[in-house]
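Just below is one structure, and these are the notes that go with it.
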Amino acid sequence: MRSALLLAIKDVRVILSDKGNIFWVFGFPVVFALFFGAIFSGFGREPSGMRVAVVDEDGSEFSSLYVSRLEAHESLKTERLERKDAMDRVRKGNVAAAVIIKPGFGGGFGAVFGGSDPKLEIASDPARQMEGGYLQGILAKAQFEVLSERFSDRDWMRGQIGSWRNEVEAAGGLGDTQASLFLNFFDSLDTLLRDANDENFQPGFDGDILNFAKTDVQRQREGPATPFQITFPQAMIWAVLGCTATFGISIVKERTNGTFQRLRVGPLGRAHILGGKGLACAATCAFVICIQWIAARIIFKMPIDNSLLLVLAGACTILCFAGFMMFVSTLGRTEQSVGGAGWAMLMIMAMIGGGMMPLFVMPPWLRSVSHISPVKWGIYAIEGAIWRHFTFAEIAGPCAILLAIGTVFFSLGVILLRRQDN
């Protein structure tokens with residue numbers, strides 16, 4: 001054990017003597033966390049400054065109120081244009097979408113309650129579909145709010161009832177029974193609006209029907225979560241990946257310059273040498289994760305749900321990639337071949353495992369593929385300790401998978417290294 005410990009200390013000192021290694025092991029993960037933390041800080045908030053072109057082809061009082069409502073919305077920057085100019089602005093990417101209010105939007109039974117010919121058209125930029133989806137919600141809410149205001153006006157309502165009554169009488173597709181039902185309903189509603197004297201009586205509906213009660217599961221215990229709770233697990237994984245690639249290359253470097261053979265000639269077994277390499281890699285990973293942990297708590301005030309489970313998740317992740325490091329070191333006989341192959345495998349693991357973008361923004365098929373990546377299970381376990389509020393039983397599954405993957409890769413690395421030595 002003492003021999004393995006001395007070898008580990010030697011390897012750590014060799015790694016830290018290269019300033020480039022210091023950046024990739026210590027600096028890059030922190031930069032990653034800060035950069036994506038700043039990006040994700042806007043997630044969950046309403047987009048601001050969305051540029052929208054508005055085309056009012058209806059020209060009615062109702063459409064004018066509707067456009068005014070859109071112009072007053074804090075998330076939109078509206079611009080009134082003609083249809084051709086608005087479509088050109090969308091095509092060139094100058095605006096996120098064009099809202100076209102067609103003739104008939106401001107009156108008629110179908111315009112208010114829907115019909116076969118929609119009176120509101122959205123022309124959105126295909127490259128900005130997320131903004132287009134959010135805009136649809138704003139448009140629907142604005143329409144309900146304007147309708148709520150208009151329905152509170154008894155004179156306007158009675159005028160609309162007369163218009164709807166004329167449409168029903170002129171419609172040829174309605175049977176006598178259906179037409180009679182509509183006409184009786186309109187007559188009764190008109191009588192109610194005319195004769196109701198109660199000051200508390202207000203026609204219309206609640207304009208808040210589009211509001212929802214929202215409960216964020218991840219924030220029930222700790223209060224508002226910071227974006228760094230999402231990015232720091234990824235940063236910790238990148239620190240481990242950097243250590244894995246760096247120490248994998250160091251083994252090949254010692255084999256090419258003869259250091260490994262000199263160690264083999266001495267009173268050291270292969271188990272001591274490999275154990276020292278694995279211990280050095282694991283110790284460096286643990287040190288970097290601890291530094292990130294302290295910075296997250298002190299500098300960024302990031303809440304951590306369960307520190308003990310974070311230690312468990314971090315240890316299992318480190319052991320997994322320490323085993324993978326042994327496998328990486330056998331992928332070639334030169335530093336260039338091992339470095340290229342090792343980083344290629346690690347990058348693929350990171351891409352499909354959520355190391356570059358969170359799993360929740362990936363398509364469903366890619367989330368299914370991510371199960372084969374140890375990066376996915378490492379991030380999942382660390383997230384479980386930081387903000388997913390995992391119990392010990394819930395985190396045991398991802399940790400067991402990490403240990404199993406690490407054991408398999410370590411065994412493969414030892415077997416291949418023995419064959420290369422022979």
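Identifiers in the structure tokens: chain A, B, ... in order shown; residue index from 1 per chain; ligand index from 1 in order shown.
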Practice prompt. Going by DSSP on the backbone, which bits of range 251-317 of chain A are alpha helix (DSSP H)? Write them as a ChimeraX atom specification, please.
Written response: /A:251-257,259-265,270-298,307-317
Fill in: Near-range 349-352 of chain A list (7 Å; only C-alpha atoms; drop same-chain fewer than 5 positions) as a list in words
Leu366, Val369, Ser370, Ser373 and Val375 of chain A
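The gap separating CA of Gly353 in chain A from CA of Gly384 in chain A is 15.5 Å, in Å to one decimal.
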Practice prompt. May I ask which of the residues A:Thr246, A:Gln143, A:Gln234, A:Thr407 is the closest one to Met357 in chain A, counting only C-alpha atoms?
Written response: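 Among A:Thr246, A:Gln143, A:Gln234, A:Thr407, it is A:Gln234 that comes nearest to Met357 in chain A.
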